[in-house]
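Below: the structure, in structure tokens.
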Amino acid sequence: MKRLRSWSLFTMIIALVIAVTVTAIPQQVGAVKSSSALANVSSNIIPNLVKQVNPAVVTIIGQDPLLLEEVEDPRDALGFGSGFAIRSDGWIVTNAHVVNGLKAVKVIFQDGKKYDVVKSLVDEETDIALIKINAKNLKTLKLASNNTKVELGETVIAFGVPLQVKLRNSVSAGIVSGLDRNIDEPYRYLQTDAAINPGNSGGPLVNLRGEVIGVNTLKAFGEDVDTLGFAVPVDTVRWVTSELLQYSKVRRSSIGIMLEESWAASYGLPAKEGLTITEVKSANAKKAGLSKGDKLLTVNGHAVQTIVDVNEALKGVLPGKTIKMKVKQRSNGKVVERKVTLGKK
């Protein structure tokens, strides 16, 4: 997997040559698949949607210190990514890896208006960030409700700035290729075959109602890899942005134990044995009767097989709250319920 921020000018030129030379045939095949997937979509829906969404989509640029050693002209040490406005008073969503380390960060809208970024709020674990510009009456995008059901195979549009700033406010269409993907990140992701490339990070993934269902973040690279991209789901985006706006950080809780996944679960195979408790660290966890070697089966009513499952079950649950867990005891094999007061993570 590769996060999709910026390239130096020299690297971009080489990459574009490689993309044109090596992937021409796969791109043609992909185009046939996309047209088939979109065959039942009205010819006016997507153009109208693009007109509605693009004014809220931004290009984020700044000087990348890591690129300074690779270029002769400091102006070519340009880091960039994508984002979108969610509040009319200047708050913009992007990825944490887009803005981390960038100097003199600016935001450019589709109409060419440019603003300095005056504040950044970052959550590393989810790779979501909020940046603030001094602006009013911005065109904004709506985050889909947490009750919105994202369907496997539904049509989606990805917005952003792929490969170079000259291509800002590009759009690509595809489908939702997978739900609740565990890709060795702390939380789950959406999978899409909509074309996303370096620079698309932080851009919105939008459904045909114009609602943001995800933030484009990762792409798989390789000779045999084609249109395998991932987005942070909207429920995670909504949770993180709400926390950042209110507290400038994301409040997280911890059960106070160390866990190990089963071999099957670690490979994404069907598993039912739960996670093994390898260490009981907190006083609250010990008080609850948790022991090394026990199997953790559920957290707050959610079945858990992976660390990601546990993180998802604790998403939005604050320290100090008491939760219920089902545990299979190592000592006698009985499944028992335990109540644990969560600590800070």
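Ordering of the structure tokens sets the chain letters (A, B, ...); residue numbers start at 1 within each chain; ligands are numbered from 1 in the order shown.
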Counting only C-alpha atoms, what is within 10 Å of Arg168 (chain A), bar same-chain residues fewer than 3 positions away, as JSON, numbers by chain? {"A": [57, 58, 59, 60, 81, 82, 108, 109, 110, 159, 160, 161, 162, 163, 164, 165, 171, 199, 200]}
I need the residues from that last selection saved to file as a CSV table (one decimal), in the first residue's frame (with all heavy atoms), if you can.
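The file below, again24.csv, is the result:
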```csv
chain,number,residue,atom,x,y,z
A,57,VAL,N,-14.1,21.2,-3.7
A,57,VAL,CA,-12.9,20.3,-3.6
A,57,VAL,C,-11.7,21.2,-3.8
A,57,VAL,O,-11.7,22.1,-4.7
A,57,VAL,CB,-12.9,19.3,-4.7
A,57,VAL,CG1,-11.6,18.5,-4.8
A,57,VAL,CG2,-14.1,18.3,-4.5
A,58,VAL,N,-10.6,21.0,-3.0
A,58,VAL,CA,-9.4,21.9,-3.1
A,58,VAL,C,-8.2,21.1,-3.3
A,58,VAL,O,-8.1,19.9,-3.1
A,58,VAL,CB,-9.3,22.7,-1.7
A,58,VAL,CG1,-10.5,23.5,-1.4
A,58,VAL,CG2,-9.0,21.7,-0.6
A,59,THR,N,-7.2,21.9,-3.8
A,59,THR,CA,-5.8,21.4,-3.9
A,59,THR,C,-5.0,22.0,-2.8
A,59,THR,O,-5.1,23.2,-2.5
A,59,THR,CB,-5.2,21.8,-5.3
A,59,THR,OG1,-6.0,21.2,-6.3
A,59,THR,CG2,-3.7,21.3,-5.4
A,60,ILE,N,-4.3,21.2,-2.1
A,60,ILE,CA,-3.5,21.6,-0.9
A,60,ILE,C,-2.0,21.6,-1.4
A,60,ILE,O,-1.5,20.5,-1.8
A,60,ILE,CB,-3.7,20.8,0.3
A,60,ILE,CG1,-5.2,20.8,0.7
A,60,ILE,CG2,-2.8,21.2,1.5
A,60,ILE,CD1,-5.6,19.8,1.7
A,81,GLY,N,-1.7,17.7,-2.2
A,81,GLY,CA,-2.7,16.7,-2.0
A,81,GLY,C,-4.1,17.3,-2.2
A,81,GLY,O,-4.2,18.4,-2.8
A,82,SER,N,-5.1,16.6,-1.8
A,82,SER,CA,-6.5,17.1,-2.0
A,82,SER,C,-7.2,17.3,-0.7
A,82,SER,O,-6.8,16.8,0.3
A,82,SER,CB,-7.2,16.0,-2.9
A,82,SER,OG,-6.5,15.7,-4.1
A,108,ILE,N,-6.0,25.8,-2.8
A,108,ILE,CA,-6.5,26.4,-4.0
A,108,ILE,C,-7.8,25.8,-4.4
A,108,ILE,O,-8.0,24.6,-4.5
A,108,ILE,CB,-5.5,26.2,-5.2
A,108,ILE,CG1,-4.1,26.7,-4.8
A,108,ILE,CG2,-6.0,26.8,-6.5
A,108,ILE,CD1,-3.0,26.3,-5.8
A,109,PHE,N,-8.8,26.6,-4.7
A,109,PHE,CA,-10.1,26.2,-5.1
A,109,PHE,C,-10.2,26.1,-6.6
A,109,PHE,O,-9.3,26.5,-7.3
A,109,PHE,CB,-11.2,27.1,-4.5
A,109,PHE,CG,-11.5,26.9,-3.1
A,109,PHE,CD1,-10.7,27.5,-2.1
A,109,PHE,CD2,-12.6,26.1,-2.7
A,109,PHE,CE1,-11.0,27.3,-0.8
A,109,PHE,CE2,-12.9,25.9,-1.4
A,109,PHE,CZ,-12.1,26.5,-0.4
A,110,GLN,N,-11.3,25.4,-7.1
A,110,GLN,CA,-11.5,25.2,-8.5
A,110,GLN,C,-11.4,26.5,-9.3
A,110,GLN,O,-10.9,26.6,-10.4
A,110,GLN,CB,-12.8,24.5,-8.8
A,110,GLN,CG,-13.0,24.2,-10.3
A,110,GLN,CD,-14.4,23.6,-10.5
A,110,GLN,OE1,-15.3,23.9,-9.8
A,110,GLN,NE2,-14.5,22.8,-11.5
A,159,PHE,N,-12.7,12.5,-6.4
A,159,PHE,CA,-12.3,13.9,-6.8
A,159,PHE,C,-10.9,14.1,-6.2
A,159,PHE,O,-10.6,13.7,-5.1
A,159,PHE,CB,-13.3,14.9,-6.2
A,159,PHE,CG,-14.6,14.9,-6.8
A,159,PHE,CD1,-15.6,13.9,-6.5
A,159,PHE,CD2,-15.0,15.9,-7.8
A,159,PHE,CE1,-16.8,13.9,-7.1
A,159,PHE,CE2,-16.3,15.9,-8.3
A,159,PHE,CZ,-17.2,14.9,-8.0
A,160,GLY,N,-10.1,14.9,-6.9
A,160,GLY,CA,-8.8,15.3,-6.3
A,160,GLY,C,-7.9,15.8,-7.4
A,160,GLY,O,-8.2,16.2,-8.5
A,161,VAL,N,-6.6,15.7,-7.0
A,161,VAL,CA,-5.5,16.3,-7.9
A,161,VAL,C,-4.5,15.2,-8.1
A,161,VAL,O,-3.5,15.1,-7.4
A,161,VAL,CB,-4.9,17.6,-7.3
A,161,VAL,CG1,-4.5,17.4,-5.8
A,161,VAL,CG2,-3.7,18.0,-8.1
A,162,PRO,N,-4.7,14.3,-9.1
A,162,PRO,CA,-3.8,13.2,-9.3
A,162,PRO,C,-2.4,13.6,-10.0
A,162,PRO,O,-2.4,14.4,-11.0
A,162,PRO,CB,-4.6,12.3,-10.2
A,162,PRO,CG,-5.4,13.2,-11.0
A,162,PRO,CD,-5.8,14.3,-10.1
A,163,LEU,N,-1.3,13.2,-9.5
A,163,LEU,CA,0.0,13.2,-10.1
A,163,LEU,C,0.6,14.6,-10.1
A,163,LEU,O,1.8,14.8,-9.8
A,163,LEU,CB,0.0,12.7,-11.5
A,163,LEU,CG,-0.4,11.2,-11.6
A,163,LEU,CD1,-0.3,10.7,-13.1
A,163,LEU,CD2,0.5,10.3,-10.7
A,164,GLN,N,-0.1,15.7,-10.5
A,164,GLN,CA,0.5,17.0,-10.6
A,164,GLN,C,-0.6,18.0,-10.5
A,164,GLN,O,-1.8,17.8,-10.8
A,164,GLN,CB,1.3,17.2,-11.8
A,164,GLN,CG,0.5,16.9,-13.1
A,164,GLN,CD,1.4,17.1,-14.3
A,164,GLN,OE1,2.0,18.2,-14.5
A,164,GLN,NE2,1.5,16.2,-15.2
A,165,VAL,N,-0.2,19.2,-10.0
A,165,VAL,CA,-1.2,20.3,-9.7
A,165,VAL,C,-2.0,20.7,-11.0
A,165,VAL,O,-3.1,21.1,-10.9
A,165,VAL,CB,-0.5,21.5,-9.1
A,165,VAL,CG1,-1.5,22.6,-8.8
A,165,VAL,CG2,0.1,21.1,-7.7
A,171,VAL,N,-11.8,14.1,-11.9
A,171,VAL,CA,-12.8,13.2,-11.4
A,171,VAL,C,-12.6,11.8,-12.0
A,171,VAL,O,-12.1,11.7,-13.2
A,171,VAL,CB,-14.2,13.7,-11.6
A,171,VAL,CG1,-14.4,15.0,-10.9
A,171,VAL,CG2,-14.5,13.9,-13.1
A,199,GLY,N,-1.5,12.2,-4.9
A,199,GLY,CA,-2.1,13.5,-5.0
A,199,GLY,C,-3.6,13.5,-4.8
A,199,GLY,O,-4.1,14.5,-4.3
A,200,ASN,N,-4.2,12.3,-5.0
A,200,ASN,CA,-5.6,12.2,-4.7
A,200,ASN,C,-5.9,12.1,-3.2
A,200,ASN,O,-7.1,12.2,-2.8
A,200,ASN,CB,-6.2,11.0,-5.4
A,200,ASN,CG,-6.7,11.3,-6.8
A,200,ASN,OD1,-6.2,10.7,-7.7
A,200,ASN,ND2,-7.6,12.2,-7.0
```
Taking only region 30-192 of chain A into account, list the residues labelled helix (DSSP H, G or I) by DSSP (computed from the backbone), as a ChimeraX atom specification. /A:30-37,45-56,65-70,74-76,96-99,165-167
Restrict the selected residues to C-alpha atoms and save them as a PDB file, in the first residue's frame.
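Printed below is again07.pdb as written:
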```pdb
ATOM      1  CA  GLY A  30     -10.444  -0.780 -17.101  1.00  0.00           C
ATOM      2  CA  ALA A  31     -12.346   1.735 -19.210  1.00  0.00           C
ATOM      3  CA  VAL A  32     -14.501  -1.063 -20.646  1.00  0.00           C
ATOM      4  CA  LYS A  33     -15.264  -2.324 -17.153  1.00  0.00           C
ATOM      5  CA  SER A  34     -16.125   1.156 -15.905  1.00  0.00           C
ATOM      6  CA  SER A  35     -18.456   1.879 -18.829  1.00  0.00           C
ATOM      7  CA  SER A  36     -20.190  -1.432 -18.158  1.00  0.00           C
ATOM      8  CA  ALA A  37     -20.558  -0.649 -14.465  1.00  0.00           C
ATOM      9  CA  ILE A  45     -26.243  12.465 -13.364  1.00  0.00           C
ATOM     10  CA  ILE A  46     -22.460  12.445 -13.189  1.00  0.00           C
ATOM     11  CA  PRO A  47     -21.833  15.747 -15.047  1.00  0.00           C
ATOM     12  CA  ASN A  48     -24.389  17.478 -12.811  1.00  0.00           C
ATOM     13  CA  LEU A  49     -22.856  15.874  -9.745  1.00  0.00           C
ATOM     14  CA  VAL A  50     -19.392  17.054 -10.744  1.00  0.00           C
ATOM     15  CA  LYS A  51     -20.663  20.627 -11.141  1.00  0.00           C
ATOM     16  CA  GLN A  52     -22.193  20.404  -7.680  1.00  0.00           C
ATOM     17  CA  VAL A  53     -19.183  18.885  -5.899  1.00  0.00           C
ATOM     18  CA  ASN A  54     -16.053  20.323  -7.533  1.00  0.00           C
ATOM     19  CA  PRO A  55     -16.408  23.897  -6.184  1.00  0.00           C
ATOM     20  CA  ALA A  56     -15.896  22.479  -2.681  1.00  0.00           C
ATOM     21  CA  PRO A  65      11.365  19.592   3.165  1.00  0.00           C
ATOM     22  CA  LEU A  66      12.050  15.988   2.125  1.00  0.00           C
ATOM     23  CA  LEU A  67      12.064  16.997  -1.542  1.00  0.00           C
ATOM     24  CA  LEU A  68      14.444  19.941  -1.118  1.00  0.00           C
ATOM     25  CA  GLU A  69      17.488  17.664  -1.428  1.00  0.00           C
ATOM     26  CA  GLU A  70      16.226  16.211  -4.714  1.00  0.00           C
ATOM     27  CA  PRO A  74      13.300  25.110  -4.021  1.00  0.00           C
ATOM     28  CA  ARG A  75      10.053  25.944  -5.800  1.00  0.00           C
ATOM     29  CA  ASP A  76      10.096  22.431  -7.259  1.00  0.00           C
ATOM     30  CA  ALA A  96      -2.938  13.739   7.918  1.00  0.00           C
ATOM     31  CA  HIS A  97      -0.114  12.574   5.649  1.00  0.00           C
ATOM     32  CA  VAL A  98      -0.969  15.326   3.148  1.00  0.00           C
ATOM     33  CA  VAL A  99      -0.249  18.178   5.567  1.00  0.00           C
ATOM     34  CA  VAL A 165      -1.199  20.277  -9.730  1.00  0.00           C
ATOM     35  CA  LYS A 166      -2.006  20.890 -13.402  1.00  0.00           C
ATOM     36  CA  LEU A 167      -4.536  18.053 -13.090  1.00  0.00           C
TER      37      LEU A 167
END
```
When distances are computed from only C-alpha atoms, which of A:Val156, A:Val107, A:Lys315, A:Ile133 shows the smallest separation from Glu243 (chain A)? A:Lys315
Option closest in space to Val299 (chain A), from A:Ala283, A:Leu269, A:Lys113, A:Ser254 [counting only C-alpha atoms]: A:Ser254
Here is a test: counting only C-alpha atoms, which residue of A:Ile157, A:Ile257, A:Leu138, A:Leu228 is nearest to Asp111 (chain A)? A:Leu138
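For the residues A:Val176, A:Val304, A:Val234, A:Leu130, ranking by smallest atom-to-atom distance to Lys142 (chain A) using only C-alpha atoms places A:Val234 first.
Interatomic distance, CA of Lys328 (chain A) against CA of Ile277 (chain A): 10.3 Å.
Near Glu125 (chain A), within 9 Å and counting only C-alpha atoms, sit Asp123, Asp127, Ile128, Glu185, Pro186 and Tyr187 of chain A; same-chain residues fewer than 2 positions away were not included.
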Taking N, CA, C and O atoms for each residue, export the selection above as an mmCIF file, in the first residue's frame.
```cif
data_model
loop_
_atom_site.group_PDB
_atom_site.id
_atom_site.type_symbol
_atom_site.label_atom_id
_atom_site.label_comp_id
_atom_site.auth_asym_id
_atom_site.auth_seq_id
_atom_site.Cartn_x
_atom_site.Cartn_y
_atom_site.Cartn_z
ATOM 1 N N ASP A 123 -5.087 13.768 13.138
ATOM 2 C CA ASP A 123 -5.204 12.482 13.844
ATOM 3 C C ASP A 123 -4.444 11.429 13.043
ATOM 4 O O ASP A 123 -4.880 11.013 11.972
ATOM 5 N N ASP A 127 -5.471 8.866 9.931
ATOM 6 C CA ASP A 127 -4.927 9.621 8.794
ATOM 7 C C ASP A 127 -5.903 10.688 8.313
ATOM 8 O O ASP A 127 -5.955 11.004 7.126
ATOM 9 N N ILE A 128 -6.672 11.256 9.235
ATOM 10 C CA ILE A 128 -7.592 12.340 8.911
ATOM 11 C C ILE A 128 -7.092 13.629 9.556
ATOM 12 O O ILE A 128 -6.606 13.630 10.689
ATOM 13 N N GLU A 185 -4.280 -1.493 8.878
ATOM 14 C CA GLU A 185 -4.354 -0.158 9.446
ATOM 15 C C GLU A 185 -5.206 -0.262 10.714
ATOM 16 O O GLU A 185 -5.890 -1.269 10.933
ATOM 17 N N PRO A 186 -5.197 0.765 11.580
ATOM 18 C CA PRO A 186 -5.946 0.641 12.842
ATOM 19 C C PRO A 186 -7.454 0.486 12.682
ATOM 20 O O PRO A 186 -8.115 -0.107 13.537
ATOM 21 N N TYR A 187 -8.025 1.036 11.586
ATOM 22 C CA TYR A 187 -9.474 0.989 11.391
ATOM 23 C C TYR A 187 -9.800 0.458 9.999
ATOM 24 O O TYR A 187 -8.922 0.292 9.159
#
```
List as JSON lines every residue of region 230-262 of chain A that is in contact with region 316-327 of chain A, defined as an atom at most 12 Å from one of its atoms (using only C-alpha atoms), together with the nearest atom pair and the distance in Å rounded to one decimal, sorted by chain and then rising number.
```
{"residue": "A:Asp235", "atom": "CA", "partner": "A:Gly316", "partner_atom": "CA", "distance": 10.3}
{"residue": "A:Thr236", "atom": "CA", "partner": "A:Gly316", "partner_atom": "CA", "distance": 9.4}
{"residue": "A:Val237", "atom": "CA", "partner": "A:Gly316", "partner_atom": "CA", "distance": 11.8}
{"residue": "A:Arg238", "atom": "CA", "partner": "A:Gly316", "partner_atom": "CA", "distance": 10.5}
{"residue": "A:Trp239", "atom": "CA", "partner": "A:Gly316", "partner_atom": "CA", "distance": 6.9}
{"residue": "A:Val240", "atom": "CA", "partner": "A:Gly316", "partner_atom": "CA", "distance": 8.9}
{"residue": "A:Thr241", "atom": "CA", "partner": "A:Gly316", "partner_atom": "CA", "distance": 11.8}
{"residue": "A:Ser242", "atom": "CA", "partner": "A:Gly316", "partner_atom": "CA", "distance": 10.4}
{"residue": "A:Glu243", "atom": "CA", "partner": "A:Gly316", "partner_atom": "CA", "distance": 9.1}
{"residue": "A:Val250", "atom": "CA", "partner": "A:Gly316", "partner_atom": "CA", "distance": 9.0}
{"residue": "A:Arg251", "atom": "CA", "partner": "A:Leu318", "partner_atom": "CA", "distance": 6.7}
{"residue": "A:Arg252", "atom": "CA", "partner": "A:Leu318", "partner_atom": "CA", "distance": 6.1}
{"residue": "A:Ser253", "atom": "CA", "partner": "A:Pro319", "partner_atom": "CA", "distance": 4.7}
{"residue": "A:Ser254", "atom": "CA", "partner": "A:Pro319", "partner_atom": "CA", "distance": 7.2}
{"residue": "A:Ile255", "atom": "CA", "partner": "A:Ile323", "partner_atom": "CA", "distance": 9.1}
{"residue": "A:Gly256", "atom": "CA", "partner": "A:Pro319", "partner_atom": "CA", "distance": 11.0}
```
Thr276 (chain A): which residues within 8 Å, counting only C-alpha atoms, same-chain residues fewer than 3 positions away excluded, as an mmCIF file with C-alpha atoms, in the first residue's frame?
```
data_model
loop_
_atom_site.group_PDB
_atom_site.id
_atom_site.type_symbol
_atom_site.label_atom_id
_atom_site.label_comp_id
_atom_site.auth_asym_id
_atom_site.auth_seq_id
_atom_site.Cartn_x
_atom_site.Cartn_y
_atom_site.Cartn_z
ATOM 1 C CA LEU A 259 -4.088 -8.980 22.354
ATOM 2 C CA GLU A 260 -2.915 -11.435 19.712
ATOM 3 C CA GLU A 261 -4.880 -12.448 16.626
ATOM 4 C CA SER A 262 -5.285 -16.064 15.599
ATOM 5 C CA LYS A 292 -3.476 -14.000 30.368
ATOM 6 C CA GLY A 293 -4.478 -16.733 27.926
ATOM 7 C CA ASP A 294 -8.197 -15.918 27.990
ATOM 8 C CA LYS A 295 -9.925 -15.501 24.624
ATOM 9 C CA LEU A 296 -11.696 -12.194 23.975
#
```
Among region 56-177 of chain A, which residues carry a DSSP assignment of strand (DSSP E or B), reported as a ChimeraX atom specification? /A:57-63,78-85,91-95,103-109,114-123,128-133,142-143,155-160,170-177
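Note that CA of Lys219 (chain A) and CA of Ala303 (chain A) are 28.5 Å apart.
Here CA of Ala264 (chain A) and CA of Val225 (chain A) stand 24.3 Å from one another.
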